[in-house]
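Asker: Provided herewith is a single structure, encoded as structure tokens, for subsequent inquiry.
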Amino acid sequence: MTVADRWLLPDGIDEVLPPAAMQIEQLRRQLLDLYHCWGYDLVIPPHLEYLESLQAGAGHDLDLQTFKIIDQLTGRLLGLRADTTPSVARMDAHTLKREGPVRLCYAGSVFHTKPCSLAASRSPIQVGAELYGHSGIASDVEVISLLLETLNSLNIQNVYLDMGHVGIFRGLVAQAQLSEERQQELFDILQRKDATELTSFVANYVDDVDVANMLLALPELAGDFDALNQARKVLSNANENVHNAIRTLEQVGLAIHQFSPSLSIYFDLCELRGYNYHTGILFAAYVPGQGQAVAQGGRYDGIGKVFGRSRPATGFSSDLKVLLDLITPVEPADNAIWAPIDVTLEVIQALRAQGERVIRELPDQIQQPKEMGCNRTMQLIDGNWQVVAL
């Protein structure tokens with residue numbers, strides 16, 4: 001390794017410098033204050049946990065995303081969290097042990113072994129909210145509304161909401177009596193919406209003609225509320241779990257439309273992001289010019305079971321770095337006071353106690369006050385130090 005290489009960061013691991021670091025901190029504070037107003041309590045989970053805790057009920061994908069190290073004290077495997085939700089679920093189920101609905105929020109770094117997309121960071125600053133202890137659609141509506149309010153509070157325009165439900169896919173593969181291996185194969189095909197592969201798969205592995213036709217139609221069932229009406233007709237021979245999922249999508253969609261009448265809502269019955277993790281409704285927010293969702297979430301009931309207490313749960317998350325790129329941050333103006341070296345510390349501290357930013361001159365310093373971000377300086381006038389404009 002050369003001297004120059006020692007300064008390099010791993011691919012996808014980025015640092016945040018001034019003024020962006022302060023902008024992200026202000027963004028973090030703004031959103032946590034918003035969540036506080038909605039009744040969500042802040043938690044700060046550890047970055048390192050035993051691997052079993054981090055992966056509890058989270059599926060294979062999260063395992064691949066998790067950095068793993070050996071704990072030198074116990075010899076057990078530790079994981080550097082790749083997602084905050086499992087940690088928060090553990091806190092709800094095992095640490096807090098409250099009855100009834102529990103609302104929690106968080107903001108902190110997570111780390112990915114691989115970027116989620118070509119342009120994504122491997123060290124997102126994840127912010128989100130989770131609602132535990134309620135299984136009805138009202139809690140899904142609440143967290144989706146809070147997601148939308150998150151984007152609205154940042155004046156992010158032209159948002160559209162994509163909604164799906166894993167119950168539709170699960171209900172159909174149950175009718176098709178597919179093995180877990182074949183379910184995963186079908187899942188991969190549907191994510192790519194490859195019509196040729198889907199036709200071949202159904203012909204080879206699905207004997208029931210009705211179920212085969214419903215699976216073949218699934219990629220086409222997408223659009224506005226009319227898509228749900230079409231789904232009822234096309235999937236009329238599906239089991240009750242499928243029809244319950246369609247009803248849930250409609251009810252949640254109508255409630256969200258009432259909360260945000262101008263919002264564009266898009267239903268995609270082939271949307272299965274997080275299939276191995278989520279148990280019900282899925283949702284993601286998109287904006288023009290962004291290939292990936294800017295915020296996403298869904299229902300993941302039963303996640304606390306591995307911690308000894310199964311709890312219904314729903315929530316969402318986003319990345320503060322992504323959100324910062326979507327807004328026009330106000331560049332901080334020079335707003336500091338330059339204190340020449342002979343100003344006493346007592347005078348400087350009095351100004352700082354008033355909330356002023358005061359930068360004290362150091363011996364042999366050659367930089368000028370404006371170079372240090374100061375728009376005012378201190379002058380000795382009539383025996384007293386006074387603040388004057390530069």
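As shown in the structure tokens, the chain order sets the letters A, B, ...; within each chain, residues go from 1, and ligands are also counted from 1 in the order they appear.
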Write out as a list in words the residues lying within 7 Å of range 293-309 of chain A, counting only C-alpha atoms and excluding same-chain residues fewer than 4 positions away.

Answerer: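 Answer for this query is Ala56, Gly57, Ala89, Arg90, Ala93, His94, Tyr277, His278, Thr279, Gly280, Ile281, Leu282, Phe283, Ala284, Ala285, Tyr286, Ala313, Thr314, Gly315, Phe316, Ser317, Ser318 and Val322 of chain A.
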
Asker: Grab the CA of Leu161 in chain A to CA of Leu32 in chain A distance for me, in Å with one decimal place.

Answerer: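 Computing the Euclidean distance for CA of Leu161 in chain A and CA of Leu32 in chain A yields 22.2 Å.
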
Asker: For range 377-384 of chain A, find every residue with an atom within 6 Å (counting only C-alpha atoms), except residues of its own chain fewer than 2 positions away, and show them as a PyMOL selection string.

Answerer: chain A and resi 337-339+386-388

Asker: Please compute the CA of Ala20 in chain A-CA of His112 in chain A distance, one decimal, in Å.

Answerer: 21.7 Å

Asker: When you count only C-alpha atoms, which of these residues is closest to Ala336 in chain A: A:Arg360, A:Arg76, A:Lys321, A:Lys68?

Answerer: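 Among the listed residues, the smallest separation from Ala336 in chain A belongs to A:Arg360.
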
Asker: Hey, what's within 9 Å of Leu151 in chain A if we count only C-alpha atoms and toss same-chain stuff fewer than 6 positions away? As a list in words, please?

Answerer: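 Contacts, with the query itself left out: Gln157, Val159, Ala295 and Leu323 of chain A.
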
Asker: Taking 3 positions as the minimum chain separation for residues in the same chain, which residues sit within 8 Å of Ser123 in chain A when counting only C-alpha atoms? Answer as a ChimeraX atom specification.

Answerer: /A:12-14,109-112

Asker: Using the selection just defined, write its residues with N, CA, C and O atoms as a PDB file, in the first residue's frame.

Answerer:
ATOM      1  N   GLY A  12     -17.855   2.952  -2.002  1.00  0.00           N
ATOM      2  CA  GLY A  12     -19.195   3.044  -1.438  1.00  0.00           C
ATOM      3  C   GLY A  12     -19.258   3.530  -0.003  1.00  0.00           C
ATOM      4  O   GLY A  12     -20.336   3.726   0.537  1.00  0.00           O
ATOM      5  N   ILE A  13     -18.107   3.700   0.637  1.00  0.00           N
ATOM      6  CA  ILE A  13     -18.060   4.250   1.992  1.00  0.00           C
ATOM      7  C   ILE A  13     -17.653   5.709   1.875  1.00  0.00           C
ATOM      8  O   ILE A  13     -16.584   6.021   1.364  1.00  0.00           O
ATOM      9  N   ASP A  14     -18.513   6.598   2.310  1.00  0.00           N
ATOM     10  CA  ASP A  14     -18.244   8.018   2.094  1.00  0.00           C
ATOM     11  C   ASP A  14     -18.249   8.787   3.409  1.00  0.00           C
ATOM     12  O   ASP A  14     -18.836   8.375   4.397  1.00  0.00           O
ATOM     13  N   SER A 109     -26.370   5.536  11.309  1.00  0.00           N
ATOM     14  CA  SER A 109     -25.701   4.883  10.185  1.00  0.00           C
ATOM     15  C   SER A 109     -25.945   3.382  10.192  1.00  0.00           C
ATOM     16  O   SER A 109     -26.023   2.740  11.242  1.00  0.00           O
ATOM     17  N   VAL A 110     -26.071   2.823   8.997  1.00  0.00           N
ATOM     18  CA  VAL A 110     -26.045   1.381   8.787  1.00  0.00           C
ATOM     19  C   VAL A 110     -24.969   1.114   7.734  1.00  0.00           C
ATOM     20  O   VAL A 110     -24.508   2.026   7.050  1.00  0.00           O
ATOM     21  N   PHE A 111     -24.578  -0.158   7.606  1.00  0.00           N
ATOM     22  CA  PHE A 111     -23.448  -0.484   6.743  1.00  0.00           C
ATOM     23  C   PHE A 111     -23.779  -1.709   5.904  1.00  0.00           C
ATOM     24  O   PHE A 111     -24.264  -2.715   6.420  1.00  0.00           O
ATOM     25  N   HIS A 112     -23.513  -1.612   4.596  1.00  0.00           N
ATOM     26  CA  HIS A 112     -23.850  -2.674   3.666  1.00  0.00           C
ATOM     27  C   HIS A 112     -22.599  -3.269   3.036  1.00  0.00           C
ATOM     28  O   HIS A 112     -21.687  -2.526   2.642  1.00  0.00           O
TER      29      HIS A 112
END

Asker: Mind the document's chain letters and residue numbers, and return as a ChimeraX atom specification the residues of range 48-271 of chain A that DSSP labels strand (DSSP E or B).

Answerer: /A:48-50,67-70,77-80,102-109,125-132,160-165,222-223,264-268

Asker: Determine which residues of range 231-354 of chain A receive a DSSP assignment of alpha helix (DSSP H), computed from the backbone, and state them as a ChimeraX atom specification.

Answerer: /A:231-234,240-259,320-326,345-353

Asker: Any chance you could export the current selection's C-alpha atoms as a PDB file, in the first residue's frame?

Answerer:
ATOM      1  CA  ALA A 231     -57.471  -7.963 -10.098  1.00  0.00           C
ATOM      2  CA  ARG A 232     -60.755  -9.065  -8.495  1.00  0.00           C
ATOM      3  CA  LYS A 233     -61.959 -10.334 -11.854  1.00  0.00           C
ATOM      4  CA  VAL A 234     -58.713 -11.934 -13.015  1.00  0.00           C
ATOM      5  CA  GLU A 240     -59.499 -15.908   0.425  1.00  0.00           C
ATOM      6  CA  ASN A 241     -56.010 -14.741   1.446  1.00  0.00           C
ATOM      7  CA  VAL A 242     -55.561 -13.178  -1.986  1.00  0.00           C
ATOM      8  CA  HIS A 243     -58.918 -11.391  -1.845  1.00  0.00           C
ATOM      9  CA  ASN A 244     -58.213 -10.167   1.684  1.00  0.00           C
ATOM     10  CA  ALA A 245     -54.928  -8.699   0.446  1.00  0.00           C
ATOM     11  CA  ILE A 246     -56.692  -6.881  -2.410  1.00  0.00           C
ATOM     12  CA  ARG A 247     -59.261  -5.470   0.026  1.00  0.00           C
ATOM     13  CA  THR A 248     -56.488  -4.303   2.338  1.00  0.00           C
ATOM     14  CA  LEU A 249     -54.725  -2.526  -0.518  1.00  0.00           C
ATOM     15  CA  GLU A 250     -57.941  -0.776  -1.497  1.00  0.00           C
ATOM     16  CA  GLN A 251     -58.816   0.289   2.051  1.00  0.00           C
ATOM     17  CA  VAL A 252     -55.330   1.606   2.765  1.00  0.00           C
ATOM     18  CA  GLY A 253     -55.167   3.305  -0.627  1.00  0.00           C
ATOM     19  CA  LEU A 254     -58.480   5.098  -0.082  1.00  0.00           C
ATOM     20  CA  ALA A 255     -57.392   6.270   3.372  1.00  0.00           C
ATOM     21  CA  ILE A 256     -54.103   7.574   1.988  1.00  0.00           C
ATOM     22  CA  HIS A 257     -55.933   9.321  -0.835  1.00  0.00           C
ATOM     23  CA  GLN A 258     -58.068  11.066   1.780  1.00  0.00           C
ATOM     24  CA  PHE A 259     -54.926  12.123   3.681  1.00  0.00           C
ATOM     25  CA  LEU A 320     -30.762  11.101   5.073  1.00  0.00           C
ATOM     26  CA  LYS A 321     -28.060  11.325   2.398  1.00  0.00           C
ATOM     27  CA  VAL A 322     -30.626  10.602  -0.315  1.00  0.00           C
ATOM     28  CA  LEU A 323     -33.110  13.065   1.167  1.00  0.00           C
ATOM     29  CA  LEU A 324     -30.446  15.774   1.300  1.00  0.00           C
ATOM     30  CA  ASP A 325     -29.816  15.311  -2.432  1.00  0.00           C
ATOM     31  CA  LEU A 326     -33.530  15.853  -3.107  1.00  0.00           C
ATOM     32  CA  LEU A 345     -12.063  34.323  27.596  1.00  0.00           C
ATOM     33  CA  GLU A 346     -14.706  35.750  29.932  1.00  0.00           C
ATOM     34  CA  VAL A 347     -15.969  38.087  27.198  1.00  0.00           C
ATOM     35  CA  ILE A 348     -15.913  35.308  24.598  1.00  0.00           C
ATOM     36  CA  GLN A 349     -17.819  32.909  26.847  1.00  0.00           C
ATOM     37  CA  ALA A 350     -20.476  35.533  27.522  1.00  0.00           C
ATOM     38  CA  LEU A 351     -21.134  35.772  23.775  1.00  0.00           C
ATOM     39  CA  ARG A 352     -21.185  31.994  23.376  1.00  0.00           C
ATOM     40  CA  ALA A 353     -23.693  31.760  26.216  1.00  0.00           C
TER      41      ALA A 353
END

Asker: Expressed in Å to a single decimal, how great is the separation between CA of Gln30 in chain A and CA of Arg98 in chain A?

Answerer: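 About the pair CA of Gln30 in chain A and CA of Arg98 in chain A: they are 27.1 Å apart.
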
Asker: Mind checking which residues fall within 7 Å of Leu198 in chain A, counting only C-alpha atoms, ignoring those fewer than 4 positions away in the same chain, and posting them as a list in words?

Answerer: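 Counting only the stated atoms, we get Ile189, Asp194, Val202 and Leu216 of chain A.
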
Asker: With distances taken over only C-alpha atoms, which of A:Arg81, A:Arg311, A:Arg6, A:Arg182 is nearest to Ile125 in chain A?

Answerer: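 Residue with the minimum atom-to-atom distance to Ile125 in chain A: A:Arg81.
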
Asker: Using only C-alpha atoms, find the one residue out of A:Met372, A:Asp224, A:Asp334, A:Gly39 that sits nearest to Val143 in chain A.

Answerer: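 Of A:Met372, A:Asp224, A:Asp334, A:Gly39, the one nearest Val143 in chain A, counting only C-alpha atoms, is A:Gly39.
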